[in-house]
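What follows is run-v4.csv (CSV, C-alpha atoms and all ligand atoms).
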chain,number,residue,atom,x,y,z
W,1,MET,CA,0.0,0.0,0.0
W,2,ALA,CA,1.6,3.2,-1.1
W,3,ILE,CA,0.7,6.1,1.1
W,4,GLN,CA,0.4,9.8,0.3
W,5,ALA,CA,3.4,12.0,0.9
W,6,PRO,CA,3.1,14.0,4.1
W,7,ALA,CA,2.2,17.6,3.7
W,8,THR,CA,4.8,19.0,6.1
W,9,ARG,CA,8.6,18.8,5.6
W,10,PRO,CA,11.3,19.3,8.2
W,11,ALA,CA,12.5,22.9,7.9
W,12,ASN,CA,16.0,21.6,8.3
W,13,PRO,CA,16.6,18.0,7.0
W,14,ARG,CA,20.1,17.7,8.5
W,15,PHE,CA,20.0,14.8,10.9
W,16,SER,CA,23.6,13.6,10.5
W,17,SER,CA,25.4,12.2,13.5
W,18,GLY,CA,28.5,14.2,12.8
W,19,PRO,CA,29.1,16.8,11.8
W,20,CYS,CA,25.7,17.5,13.2
W,21,ALA,CA,23.2,20.2,12.4
W,22,LYS,CA,24.5,23.7,13.2
W,23,ILE,CA,22.7,25.8,15.8
W,24,PRO,CA,19.3,26.9,14.5
W,25,THR,CA,20.3,30.5,14.3
W,26,PHE,CA,23.5,29.8,12.4
W,27,SER,CA,24.8,32.2,9.7
W,28,LEU,CA,28.3,32.8,8.5
W,29,ASP,CA,27.9,36.4,9.6
W,30,LEU,CA,27.9,35.2,13.2
W,31,LEU,CA,31.6,34.4,12.7
W,32,SER,CA,32.6,37.9,11.7
W,33,ASP,CA,34.5,38.5,14.9
W,34,ALA,CA,37.0,35.7,14.2
W,35,PRO,CA,40.5,37.1,14.3
W,36,LEU,CA,41.4,35.7,10.9
W,37,GLY,CA,44.9,36.3,9.5
W,38,ARG,CA,46.2,37.0,13.0
W,39,SER,CA,48.5,34.9,15.1
W,40,HIS,CA,46.8,32.6,17.6
W,41,ARG,CA,49.5,33.7,20.0
W,42,ALA,CA,48.6,37.3,19.8
W,43,ALA,CA,46.5,38.6,22.7
W,44,VAL,CA,43.3,38.6,20.6
W,45,GLY,CA,43.7,34.9,19.6
W,46,LYS,CA,44.8,33.8,23.1
W,47,THR,CA,41.8,35.5,24.6
W,48,LYS,CA,39.4,33.7,22.2
W,49,LEU,CA,41.0,30.4,23.1
W,50,LYS,CA,40.9,31.1,26.8
W,51,ASP,CA,37.2,32.1,26.5
W,52,ALA,CA,36.5,28.8,24.6
W,53,ILE,CA,38.0,26.9,27.6
W,54,GLU,CA,36.3,28.9,30.3
W,55,ASN,CA,32.9,29.0,28.5
W,56,THR,CA,33.2,25.2,28.2
W,57,ARG,CA,33.8,24.9,31.9
W,58,ASP,CA,30.9,27.2,32.6
W,59,VAL,CA,28.3,25.5,30.3
W,60,LEU,CA,29.3,21.9,31.3
W,61,GLY,CA,29.8,22.6,35.0
W,62,ILE,CA,33.4,21.3,35.0
W,63,PRO,CA,35.0,21.6,38.4
W,64,ALA,CA,37.5,24.5,38.8
W,65,ASP,CA,40.4,22.2,39.6
W,66,TYR,CA,40.0,20.2,36.3
W,67,LYS,CA,42.2,21.2,33.3
W,68,ILE,CA,40.6,21.8,29.9
W,69,GLY,CA,42.7,21.8,26.8
W,70,ILE,CA,42.0,22.4,23.1
W,71,VAL,CA,44.1,19.9,21.1
W,72,PRO,CA,44.7,18.8,17.5
W,73,GLY,CA,42.9,16.0,15.7
W,74,SER,CA,39.3,16.4,16.8
W,75,ASP,CA,37.9,13.8,19.3
W,76,THR,CA,40.2,11.1,17.9
W,77,GLY,CA,43.2,13.3,18.6
W,78,ALA,CA,42.1,13.9,22.2
W,79,VAL,CA,41.5,10.2,22.9
W,80,GLU,CA,44.8,9.1,21.3
W,81,MET,CA,46.6,11.7,23.3
W,82,ALA,CA,45.1,10.3,26.5
W,83,LEU,CA,45.7,6.7,25.7
W,84,TRP,CA,49.3,7.2,24.6
W,85,SER,CA,50.2,9.5,27.5
W,86,LEU,CA,48.5,7.8,30.4
W,87,LEU,CA,48.2,4.1,29.9
W,88,GLY,CA,50.8,1.5,30.7
W,89,GLU,CA,51.3,2.5,34.3
W,90,ARG,CA,48.9,-0.4,35.4
W,91,LYS,CA,46.6,-2.9,33.8
W,92,ALA,CA,43.8,-1.5,31.6
W,93,THR,CA,40.2,-2.4,31.1
W,94,MET,CA,38.9,-1.6,27.6
W,95,VAL,CA,35.1,-1.4,27.3
W,96,ALA,CA,33.4,-1.3,24.0
W,97,TRP,CA,29.8,-1.5,22.7
W,98,GLU,CA,30.2,-0.2,19.2
W,99,SER,CA,32.8,0.6,16.5
W,100,PHE,CA,34.4,3.7,18.0
W,101,GLY,CA,35.0,1.9,21.3
W,102,ALA,CA,36.3,-1.1,19.4
W,103,GLY,CA,38.8,1.2,17.7
W,104,TRP,CA,40.2,2.3,21.1
W,105,VAL,CA,40.5,-1.4,22.1
W,106,SER,CA,42.4,-2.1,19.0
W,107,ASP,CA,44.8,0.8,19.6
W,108,VAL,CA,45.5,-0.2,23.1
W,109,VAL,CA,45.8,-3.9,22.6
W,110,LYS,CA,47.4,-4.1,19.1
W,111,GLN,CA,49.4,-0.8,18.9
W,112,LEU,CA,50.4,0.0,22.5
W,113,LYS,CA,50.3,-3.8,23.4
W,114,ILE,CA,49.1,-3.0,26.9
W,115,ASP,CA,47.9,-5.8,29.3
W,116,ALA,CA,44.2,-5.2,29.1
W,117,ASP,CA,40.9,-6.9,30.0
W,118,VAL,CA,38.6,-6.4,27.0
W,119,LYS,CA,34.9,-6.2,27.8
W,120,THR,CA,32.4,-5.8,24.9
W,121,ALA,CA,28.7,-5.9,24.3
W,122,ASP,CA,26.8,-6.4,21.1
W,123,TYR,CA,25.2,-3.5,19.2
W,124,GLY,CA,22.2,-2.3,21.3
W,125,ASP,CA,23.6,-3.4,24.6
W,126,ILE,CA,26.2,-2.0,27.1
W,127,VAL,CA,28.7,-3.6,29.4
W,128,ASP,CA,27.7,-4.1,33.0
W,129,PHE,CA,29.9,-1.6,34.9
W,130,ALA,CA,29.4,-3.5,38.1
W,131,GLU,CA,31.8,-6.2,36.6
W,132,ILE,CA,34.6,-3.7,36.0
W,133,ASP,CA,37.7,-3.5,38.2
W,134,PHE,CA,38.2,0.3,38.6
W,135,ASN,CA,41.6,-0.2,40.1
W,136,THR,CA,42.7,-0.7,36.5
W,137,ASP,CA,42.6,2.2,34.0
W,138,VAL,CA,39.2,2.0,32.3
W,139,VAL,CA,38.6,3.3,28.8
W,140,PHE,CA,35.0,3.6,27.6
W,141,THR,CA,32.7,5.5,25.3
W,142,TRP,CA,29.8,7.2,27.1
W,143,ASN,CA,27.4,7.2,24.2
W,144,GLY,CA,27.8,4.7,21.4
W,145,THR,CA,27.2,6.9,18.4
W,146,THR,CA,26.9,3.9,16.1
W,147,SER,CA,24.8,1.7,18.3
W,148,GLY,CA,22.3,4.2,19.9
W,149,VAL,CA,23.1,3.2,23.5
W,150,ARG,CA,24.6,5.1,26.4
W,151,LEU,CA,25.7,4.8,29.9
W,152,PRO,CA,22.7,5.9,32.0
W,153,ASN,CA,24.9,7.3,34.8
W,154,ALA,CA,28.3,6.8,36.3
W,155,ASP,CA,27.0,5.5,39.6
W,156,ALA,CA,29.0,2.2,39.3
W,157,ILE,CA,32.3,4.0,39.1
W,158,PRO,CA,33.7,4.1,42.7
W,159,ALA,CA,34.9,7.5,44.1
W,160,ASP,CA,37.9,5.7,45.7
W,161,ARG,CA,39.1,4.0,42.5
W,162,GLU,CA,42.9,3.6,42.0
W,163,GLY,CA,42.8,3.5,38.2
W,164,LEU,CA,41.9,6.3,35.9
W,165,THR,CA,38.7,6.5,33.9
W,166,ILE,CA,39.2,7.7,30.4
W,167,CYS,CA,35.9,8.5,28.6
W,168,ASP,CA,35.2,9.3,25.0
W,169,ALA,CA,32.2,11.5,25.5
W,170,THR,CA,32.0,13.1,22.1
W,171,SER,CA,28.4,12.2,21.4
W,172,ALA,CA,27.3,12.6,25.0
W,173,VAL,CA,28.6,16.0,26.0
W,174,PHE,CA,26.2,18.9,25.8
W,175,ALA,CA,23.4,16.4,25.8
W,176,MET,CA,23.8,14.2,28.8
W,177,ASP,CA,24.7,14.7,32.4
W,178,LEU,CA,28.4,13.7,32.9
W,179,ASP,CA,29.5,13.1,36.4
W,180,TRP,CA,32.8,14.9,36.5
W,181,ASP,CA,33.9,13.4,39.8
W,182,LYS,CA,33.8,10.0,38.2
W,183,LEU,CA,35.7,11.0,35.0
W,184,ASP,CA,39.5,11.5,35.0
W,185,VAL,CA,39.9,12.1,31.3
W,186,THR,CA,37.0,13.2,29.1
W,187,THR,CA,37.3,13.9,25.4
W,188,PHE,CA,35.1,15.4,22.8
W,189,SER,CA,35.0,17.4,19.6
W,190,TRP,CA,32.9,20.4,18.7
W,191,GLN,CA,31.1,18.8,15.8
W,192,LYS,CA,28.4,16.8,17.7
W,193,ALA,CA,25.9,18.2,20.0
W,194,LEU,CA,26.9,21.8,19.4
W,195,GLY,CA,27.0,21.5,15.7
W,196,GLY,CA,30.5,23.0,15.7
W,197,GLU,CA,33.4,22.5,13.3
W,198,ALA,CA,35.5,19.3,13.6
W,199,ALA,CA,39.0,20.6,13.6
W,200,HIS,CA,39.8,20.4,17.3
W,201,GLY,CA,39.4,18.1,20.2
W,202,VAL,CA,38.9,18.9,23.8
W,203,ILE,CA,40.6,17.0,26.7
W,204,VAL,CA,39.4,17.5,30.2
W,205,LEU,CA,41.8,16.2,33.0
W,206,SER,CA,40.9,15.6,36.6
W,207,PRO,CA,43.6,16.3,39.3
W,208,ARG,CA,44.3,12.6,39.4
W,209,ALA,CA,44.9,12.5,35.7
W,210,VAL,CA,47.3,15.4,36.0
W,211,ALA,CA,49.1,13.6,38.9
W,212,ARG,CA,49.5,10.5,36.6
W,213,LEU,CA,50.9,12.7,33.8
W,214,GLU,CA,53.4,14.3,36.2
W,215,SER,CA,54.5,11.0,37.8
W,216,TYR,CA,54.6,8.5,35.0
W,217,THR,CA,56.5,8.4,31.7
W,218,PRO,CA,55.4,5.8,29.1
W,219,ALA,CA,57.9,3.4,27.8
W,220,TRP,CA,57.3,4.5,24.2
W,221,PRO,CA,58.2,7.8,22.5
W,222,LEU,CA,55.5,10.4,22.2
W,223,PRO,CA,55.1,12.8,19.3
W,224,LYS,CA,55.0,16.5,20.0
W,225,ILE,CA,51.3,16.5,19.1
W,226,PHE,CA,50.5,14.2,22.1
W,227,ARG,CA,52.9,15.7,24.7
W,228,MET,CA,51.2,17.3,27.7
W,229,THR,CA,54.2,17.5,30.0
W,230,LYS,CA,57.7,18.9,29.9
W,231,GLY,CA,60.4,18.0,32.4
W,232,GLY,CA,57.8,16.1,34.5
W,233,LYS,CA,55.4,19.0,34.8
W,234,LEU,CA,52.1,19.7,33.0
W,235,ILE,CA,52.5,22.2,30.2
W,236,ASP,CA,50.0,24.6,31.7
W,237,GLY,CA,49.8,26.8,28.6
W,238,ILE,CA,47.9,24.1,26.7
W,239,PHE,CA,45.1,24.5,29.3
W,240,THR,CA,45.0,28.2,29.2
W,241,GLY,CA,44.8,28.8,25.5
W,242,ALA,CA,48.4,28.3,24.3
W,243,THR,CA,47.6,25.4,22.0
W,244,ILE,CA,50.3,22.9,21.0
W,245,ASN,CA,50.1,23.9,17.4
W,246,THR,CA,48.1,26.3,15.2
W,247,PRO,CA,44.3,26.1,15.7
W,248,SER,CA,41.6,27.3,13.3
W,249,MET,CA,40.4,30.6,14.7
W,250,LEU,CA,37.3,30.3,12.5
W,251,ALA,CA,36.5,27.0,14.2
W,252,VAL,CA,37.2,28.6,17.6
W,253,GLU,CA,34.8,31.5,16.8
W,254,ASP,CA,32.2,29.0,15.6
W,255,TYR,CA,32.5,27.1,18.9
W,256,LEU,CA,32.2,30.3,20.9
W,257,VAL,CA,29.0,31.2,19.0
W,258,ALA,CA,27.6,27.8,19.6
W,259,LEU,CA,28.4,28.0,23.3
W,260,ASP,CA,26.6,31.3,23.5
W,261,TRP,CA,23.6,29.8,21.8
W,262,ALA,CA,23.6,26.8,24.2
W,263,LYS,CA,23.5,29.4,27.1
W,264,SER,CA,20.6,31.1,25.4
W,265,VAL,CA,18.5,27.9,25.4
W,266,GLY,CA,19.1,27.2,29.1
W,267,GLY,CA,22.7,26.0,29.2
W,268,LEU,CA,23.4,22.3,29.8
W,269,GLN,CA,20.0,21.5,31.2
W,270,GLY,CA,18.3,23.2,28.2
W,271,MET,CA,20.5,21.2,25.9
W,272,ILE,CA,19.7,17.9,27.7
W,273,ASP,CA,16.0,18.7,27.6
W,274,ARG,CA,16.1,19.5,23.9
W,275,ALA,CA,17.8,16.2,23.1
W,276,THR,CA,15.5,14.3,25.3
W,277,ALA,CA,12.4,15.8,23.7
W,278,ASN,CA,13.8,14.9,20.2
W,279,ALA,CA,14.6,11.3,21.2
W,280,THR,CA,11.2,10.9,23.0
W,281,ALA,CA,9.4,11.9,19.8
W,282,ILE,CA,11.1,9.1,18.0
W,283,TRP,CA,10.6,6.6,20.8
W,284,ASN,CA,6.9,7.3,20.9
W,285,PHE,CA,6.7,6.9,17.1
W,286,CYS,CA,8.5,3.5,17.4
W,287,ASP,CA,6.1,2.4,20.2
W,288,ALA,CA,3.1,3.1,17.9
W,289,LYS,CA,4.5,1.4,14.8
W,290,PRO,CA,5.0,-2.4,14.6
W,291,TRP,CA,7.6,-2.2,11.8
W,292,ILE,CA,10.3,-0.2,13.5
W,293,ALA,CA,12.1,-0.4,16.8
W,294,ASN,CA,15.0,1.1,18.7
W,295,LEU,CA,18.3,-0.7,18.4
W,296,ALA,CA,18.8,-0.2,22.1
W,297,SER,CA,17.8,-3.3,23.9
W,298,ASP,CA,16.5,-1.4,27.0
W,299,PRO,CA,15.0,2.1,27.3
W,300,ALA,CA,17.2,2.8,30.3
W,301,ILE,CA,20.3,2.8,28.0
W,302,ALA,CA,18.7,4.3,24.9
W,303,SER,CA,20.7,7.2,23.5
W,304,THR,CA,19.1,10.6,23.4
W,305,THR,CA,21.5,11.8,20.8
W,306,SER,CA,22.3,9.1,18.2
W,307,VAL,CA,19.0,7.3,18.0
W,308,CYS,CA,19.5,4.1,16.1
W,309,LEU,CA,16.5,2.3,14.6
W,310,LYS,CA,16.0,-1.1,13.0
W,311,PHE,CA,13.2,-2.3,10.7
W,312,THR,CA,11.4,-5.3,12.1
W,313,ASP,CA,8.7,-6.1,9.5
W,314,GLU,CA,8.8,-9.7,8.4
W,315,ARG,CA,8.0,-8.8,4.8
W,316,ILE,CA,11.5,-7.3,4.4
W,317,GLN,CA,13.7,-9.6,2.3
W,318,ASP,CA,17.1,-8.0,2.5
W,319,GLY,CA,17.5,-5.9,5.6
W,320,ALA,CA,20.6,-3.9,4.6
W,321,ALA,CA,19.3,-3.1,1.1
W,322,PHE,CA,15.9,-2.1,2.5
W,323,ALA,CA,17.3,0.3,5.1
W,324,LYS,CA,19.7,1.8,2.5
W,325,ALA,CA,16.8,2.3,0.1
W,326,VAL,CA,14.6,4.0,2.8
W,327,ALA,CA,17.5,6.4,3.6
W,328,LYS,CA,18.1,7.1,0.0
W,329,ARG,CA,14.5,7.8,-0.7
W,330,LEU,CA,14.3,10.3,2.2
W,331,GLU,CA,17.4,12.0,1.0
W,332,ALA,CA,16.2,12.2,-2.6
W,333,GLU,CA,13.0,13.8,-1.2
W,334,GLY,CA,15.1,16.3,0.7
W,335,VAL,CA,13.5,15.5,4.0
W,336,ALA,CA,16.4,13.7,5.8
W,337,LEU,CA,20.1,13.8,5.0
W,338,ASP,CA,22.7,11.3,6.3
W,339,ILE,CA,20.4,9.0,8.3
W,340,GLY,CA,21.7,5.6,7.1
W,341,ALA,CA,23.2,3.5,9.9
W,342,TYR,CA,26.9,3.6,10.4
W,343,ARG,CA,28.8,1.3,8.0
W,344,ASP,CA,29.9,-1.2,10.7
W,345,ALA,CA,26.6,-1.1,12.6
W,346,PRO,CA,23.5,-3.3,12.0
W,347,ALA,CA,21.3,-2.2,9.1
W,348,GLY,CA,18.9,0.5,9.9
W,349,LEU,CA,18.6,4.3,10.4
W,350,ARG,CA,20.3,6.7,12.7
W,351,ILE,CA,18.8,10.0,13.5
W,352,TRP,CA,20.7,12.6,15.5
W,353,CYS,CA,18.7,14.2,18.2
W,354,GLY,CA,21.2,16.5,19.9
W,355,GLY,CA,20.1,20.0,21.0
W,356,THR,CA,20.9,21.8,17.8
W,357,VAL,CA,18.1,19.7,16.1
W,358,GLU,CA,14.6,21.2,16.5
W,359,THR,CA,11.9,18.9,17.8
W,360,SER,CA,9.5,20.3,15.2
W,361,ASP,CA,11.9,18.9,12.5
W,362,ILE,CA,12.0,15.5,14.2
W,363,GLU,CA,8.1,15.5,14.3
W,364,ALA,CA,7.9,16.5,10.7
W,365,LEU,CA,10.3,13.8,9.7
W,366,LEU,CA,8.4,10.9,11.4
W,367,PRO,CA,5.5,10.6,8.9
W,368,TRP,CA,8.0,10.6,6.1
W,369,LEU,CA,9.7,7.5,7.7
W,370,GLU,CA,6.4,5.7,7.4
W,371,TRP,CA,5.9,7.0,3.8
W,372,ALA,CA,9.3,5.8,2.8
W,373,PHE,CA,8.9,2.5,4.6
W,374,GLU,CA,5.6,1.8,2.8
W,375,ALA,CA,7.0,2.8,-0.5
W,376,GLU,CA,9.9,0.4,-0.1
W,377,ILE,CA,7.7,-2.5,1.0
W,378,SER,CA,5.6,-1.9,-2.1
W,379,ALA,CA,8.7,-1.8,-4.3
W,380,GLN,CA,10.2,-5.1,-3.1
L,1,LIG,C1,32.0,7.9,20.0
L,1,LIG,C2,32.9,8.6,18.9
L,1,LIG,N1,34.2,8.6,19.1
L,1,LIG,C3,35.0,9.2,18.2
L,1,LIG,C4,34.5,9.8,17.1
L,1,LIG,C5,35.5,10.4,16.1
L,1,LIG,O1,35.3,11.8,16.3
L,1,LIG,P1,36.2,12.8,15.5
L,1,LIG,O2,35.9,12.6,14.0
L,1,LIG,O3,35.7,14.1,16.0
L,1,LIG,O4,37.6,12.6,15.8
L,1,LIG,C6,33.2,9.8,16.9
L,1,LIG,C7,32.6,10.4,15.6
L,1,LIG,O5,31.5,10.1,15.2
L,1,LIG,C8,32.3,9.2,17.8
L,1,LIG,O6,31.0,9.2,17.6
Can you give me the file's structure in the form of structure tokens?
Amino acid sequence: MAIQAPATRPANPRFSSGPCAKIPTFSLDLLSDAPLGRSHRAAVGKTKLKDAIENTRDVLGIPADYKIGIVPGSDTGAVEMALWSLLGERKATMVAWESFGAGWVSDVVKQLKIDADVKTADYGDIVDFAEIDFNTDVVFTWNGTTSGVRLPNADAIPADREGLTICDATSAVFAMDLDWDKLDVTTFSWQKALGGEAAHGVIVLSPRAVARLESYTPAWPLPKIFRMTKGGKLIDGIFTGATINTPSMLAVEDYLVALDWAKSVGGLQGMIDRATANATAIWNFCDAKPWIANLASDPAIASTTSVCLKFTDERIQDGAAFAKAVAKRLEAEGVALDIGAYRDAPAGLRIWCGGTVETSDIEALLPWLEWAFEAEISAQ
């Protein structure tokens, strides 16, 4: 049964999981204060970088004694910097529930060759944190961007742990409550929930992470781009705006603008509420339709940013081809861009629900999902 195309279209069809939709008020004019063509070491550049650090602290509620650095290589750069600088002092536990986490496992086990317990869960599930020994260094991804599941909270991480927790929070930050007391190293990039540009990563260090950096030297050489210490002391400049190498001041300006916008919608809580409203609209839709379901096995761990969906209709002959065709049809119609599941993830759709996405756009998209589903069922 072909159904009629819905009357309403999303005003913004950008539902990519990274780079994500820019802030709803975005225009290039908003970046006109970027100090382009100036040295990032000049006062104007340094002030912008320092503002980016302190506004990050402000919006995210990061404790005053935590260090925040802007580093090269986006989130990947920040994670690698942490792994290569901190691990090896003790045993590690590598936790993965989707492809990005699996990538960090491979780096630690195959490249760094560190003695590690590897704990994994299938797509749609997470690892039980009660089973983890937090006297080891624990590396995990808060929100599985490619599997649509997240850690509901950090309650299982003990306050008196001896190891460090290293958390890739790139698709959780600015959308979920991160418990800073439980996180020793947190990394993210600007391209996700703030819709920023992807050039730089952010690394957040607890006092315990700084103590490790200042007391432990890895057995392997570290390239300049990863080095956070000199002569056994933290290079403080990295955490006050004197970046290791040259940043894009356009990307920095864009981040500052996005942070201001986040403040204007209620700061972190406003952003969390916006993501939750977006995801809830999709969850309700799935509850009402027998042919589509959340990939997350349990609502308690369902992501509110990268919502991953699977088709469950028995009439579907080739799941992967079907999901691809639905995404293609929606893209061709101009109502949803970039919503195919990640290449290593189970077949389906992935719809970004972070705070830069308007709930009205998610609501407008949902009838189109049904339209494309019915069209593809008829076309089989
Ligand atoms: C959980 C996670 N980790 C790492 C990355 C890589 O981020 P970047 O491209 O900013 O380095 C992504 C990107 O989607 C991600 O979702």
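Comparing W:Ala169, W:Ile238, W:Ala302, W:Ala323 by their smallest distance to ligand LIG 1 (chain L), the closest is W:Ala169 (using all atoms listed in the file).
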Which residue of W:Val118, W:Ala52, W:Ala172, W:Ala320 approaches ligand LIG 1 (chain L) most closely, using all atoms listed in the file: W:Ala172
Find the residues near W:Leu309: any atom within 12 Å, counting all atoms listed in the file, skip ones fewer than 4 places away on the same chain, and give them as a ChimeraX atom specification. /W:123-124,146-149,279,282-283,285-287,291-297,302-303,323,327,339-342,345-352,369
Skipping near chain neighbours, those fewer than 4 positions away, what residues fall within 10 Å of W:Gln4 using only C-alpha atoms, listed as a ChimeraX atom specification? /W:368,371,374-375
Name the residues, by chain letter and number, that sit within 8 Å of ligand LIG 1 (chain L) using all atoms listed in the file, and give them as a PyMOL selection string. chain W and resi 17-19+73-78+100-101+141-146+168-171+188-192+198-201
Rebuild N, CA and C atoms on stretch 7-24 of chain W, as an mmCIF file, in the coordinates of the input?
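Written output follows (result-v1.cif):
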data_model
loop_
_atom_site.group_PDB
_atom_site.id
_atom_site.type_symbol
_atom_site.label_atom_id
_atom_site.label_comp_id
_atom_site.auth_asym_id
_atom_site.auth_seq_id
_atom_site.Cartn_x
_atom_site.Cartn_y
_atom_site.Cartn_z
ATOM 1 N N ALA W 7 2.262 16.231 4.205
ATOM 2 C CA ALA W 7 2.200 17.600 3.700
ATOM 3 C C ALA W 7 3.304 18.486 4.269
ATOM 4 N N THR W 8 3.811 18.125 5.445
ATOM 5 C CA THR W 8 4.800 19.000 6.100
ATOM 6 C C THR W 8 6.210 18.353 5.956
ATOM 7 N N ARG W 9 7.196 19.224 5.707
ATOM 8 C CA ARG W 9 8.600 18.800 5.600
ATOM 9 C C ARG W 9 9.392 19.367 6.768
ATOM 10 N N PRO W 10 10.433 18.675 7.224
ATOM 11 C CA PRO W 10 11.300 19.300 8.200
ATOM 12 C C PRO W 10 11.882 20.597 7.606
ATOM 13 N N ALA W 11 11.903 21.678 8.381
ATOM 14 C CA ALA W 11 12.500 22.900 7.900
ATOM 15 C C ALA W 11 13.984 22.715 7.639
ATOM 16 N N ASN W 12 14.607 21.898 8.494
ATOM 17 C CA ASN W 12 16.000 21.600 8.300
ATOM 18 C C ASN W 12 16.129 20.041 8.257
ATOM 19 N N PRO W 13 16.523 19.495 7.101
ATOM 20 C CA PRO W 13 16.600 18.000 7.000
ATOM 21 C C PRO W 13 17.899 17.421 7.443
ATOM 22 N N ARG W 14 18.728 18.196 8.144
ATOM 23 C CA ARG W 14 20.100 17.700 8.500
ATOM 24 C C ARG W 14 19.981 16.946 9.864
ATOM 25 N N PHE W 15 20.065 15.611 9.746
ATOM 26 C CA PHE W 15 20.000 14.800 10.900
ATOM 27 C C PHE W 15 21.271 13.891 11.044
ATOM 28 N N SER W 16 22.372 14.372 10.466
ATOM 29 C CA SER W 16 23.600 13.600 10.500
ATOM 30 C C SER W 16 24.142 13.482 11.933
ATOM 31 N N SER W 17 24.832 12.369 12.205
ATOM 32 C CA SER W 17 25.400 12.200 13.500
ATOM 33 C C SER W 17 26.841 12.692 13.634
ATOM 34 N N GLY W 18 27.242 13.497 12.700
ATOM 35 C CA GLY W 18 28.500 14.200 12.800
ATOM 36 C C GLY W 18 29.197 14.303 11.447
ATOM 37 N N PRO W 19 29.523 15.553 11.078
ATOM 38 C CA PRO W 19 29.100 16.800 11.800
ATOM 39 C C PRO W 19 27.616 16.889 11.855
ATOM 40 N N CYS W 20 27.153 17.394 12.998
ATOM 41 C CA CYS W 20 25.700 17.500 13.200
ATOM 42 C C CYS W 20 25.189 18.862 12.845
ATOM 43 N N ALA W 21 23.867 18.960 12.829
ATOM 44 C CA ALA W 21 23.200 20.200 12.400
ATOM 45 C C ALA W 21 23.816 21.386 13.222
ATOM 46 N N LYS W 22 24.019 22.476 12.526
ATOM 47 C CA LYS W 22 24.500 23.700 13.200
ATOM 48 C C LYS W 22 23.408 24.276 14.049
ATOM 49 N N ILE W 23 23.759 25.211 14.906
ATOM 50 C CA ILE W 23 22.700 25.800 15.800
ATOM 51 C C ILE W 23 21.642 26.435 14.888
ATOM 52 N N PRO W 24 20.401 26.423 15.335
ATOM 53 C CA PRO W 24 19.300 26.900 14.500
ATOM 54 C C PRO W 24 19.449 28.305 13.972
#
